[in-house]
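Accompanying notes for the structure given below.
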Amino acid sequence: MDQTGEIVEKPSLTEEQAIHLVERLYGFKVERLRPLNSYDDLNFHVIVDGDTSRPHGYTLKVTNGTDSMNEGWFWQVTDFHYDPRYSTAGVPGAMCHESGGRQDGSPGVWGDYLCDAPWALINSSVYAMRQIEPNPDFILWTGDDTPHVPNEELGQQVVINIIGNLTSLLKEVFPTKRVYAALGNHDYHPKNQLPPDGSDIYDAVAEFWRDWMDDDTASNVFKQGGYYAVSAAPHLRIVSVNTNLHYRSNLVTKDMEDPAGHFAWLDRVLSDAQTNSEMVFLVGHLPPGFFELKRSQYWMYPNFNERYNELVRKHSAVIAGQFFGHHHTDSFRVFYDDEGSAVSSMFLCPAVTPWKTTLPGISGFGANNPGVRLYKYDRQTLQIKDVVQYYTNLTEANLSGRPVWQEAYSLTGNFGLADGGTDSLHRLAASFTGPDASQFRRYHQYNTLSYDPTETCDTDCWVDHVCSIIAVGHDDYDVCVRDKITGGASESKQIRTVMMVLICLFTVLLTV
């Protein structure tokens, strides 16, 4: 619908007309053309005959002519986990590393569910982003770039080289776009041990990302703690947080009150944003709260988890969105104030790596199909208008010889939400009334990007998902689990029931 209230239809153009348009406007001879999934516009992927400079082709974007200037798009990509030793001659159970020869069940060219991502898959994912939406306002890259291997198989320079190579890829594919990146717990050596002060890795990464930060102050802050804040638009500030400092696997920061002064800095940045009438996108890797695939599995030290949640509640009026990774799965979180009102929300983006987690006791298989995510947002209010999730079926990619990146779902289209705002996500979570609720079944299938569409989720599985979504604090999570397991009887109701029984018993004894 345009500003006059009239219904705006999607452009209508046949493939033959699109080919004619490309040849007439640009003088290209089209070798092949195919339509792409798109939202309000009509997009085509175009391969030009004889153009060796652009082997991956171009995107033809046909707008409806009445697009709102306030609507924009941005990408999020996370958890590449590039494994330089990936080999199709390797053994999946041994991370697809060299084994001396191919064998039955050996990994495919595009990856394996038991292994981290080969370069072919990573390269395909980034080029697919350009084919689907070549002109985003910016890109969020939320960390974890190295493989899940022991520290002795990596080393500081290997970690630096991997981050550098991925940075170069994003700059090559999106040379004019700014990427706002965050470190993951695997983006350090030794892994998880990100320090609260300067380091060689912080210095190297700051140089890689200097063009994107475009701010000496931000770069210098990053070198001291692995976090930074930059202005992305006159009223939008991107804040990249280093929550790896709060990871309970980080032994360096275990006994610190505020590692690298991170919380104090974040409090100041959010306060300044309110003073300057700015809104904030929080970008990070390690999220607060609990992992939806395993009961009571949390990442942050509890005191740090509470500090983060306090800051979100305190500054919810200026936080327009939170965008994290780490889980490899597709989920979201809703934050509530003391009165139970939803005040903020967080998107957890699925990974590019298909790697099956080795975490014991999880529900389901623990692997996922590779994914990349596109957000539609209002450039003025910064509200998330929609989320469009793309993925490739890894099994089919290996069988057919190439990945096909396709739309998995959109929040407004498949879930029927009005937008991707906190109120809408709160209502979506409230619709997850049981393991058989239609909205929950849909969510659960997309949680792994349809890795196994036949996988079911029993009551315990449902409890783990729902409580991780609506209870980001430790006490709230424990109450939620008890509440769901007892069929909805809250702790206070249980106490009142016991008290009523005791009163009745006491009355009986008095009358005897």
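As shown in the structure tokens, the chain order sets the letters A, B, ...; within each chain, residues go from 1, and ligands are also counted from 1 in the order they appear.
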Notebook entry, point to check: Taking the backbone alone, and naming residues the way the document does, which bits of stretch 284-491 of chain A are helix (DSSP H, G or I) by DSSP, as a PyMOL selection string?
Noted result: chain A and resi 302-314+394-400+411-414+422-430+438-447+459-470+474-485+491
Checklist line | Near-A:Thr329 list (7 Å; only C-alpha atoms; drop same-chain fewer than 3 positions) as a PyMOL selection string | finding: chain A and resi 349-351+368+447-448
Note to self: Applying 12 Å and only C-alpha atoms, which residues near A:Val472 remain after dropping the ones on its own chain fewer than 3 positions away? List them as a PyMOL selection string.
What the structure shows: chain A and resi 287-292+296-300+302+305-310+312-313+332-337+342+344-346+465-469+475-480
Note to self: I want to know what sits within 9 Å of stretch 126-133 of chain A, based on only C-alpha atoms, with residues of the same chain fewer than 2 positions away left out; could you give that as a count of residues only?
What the structure shows: 30
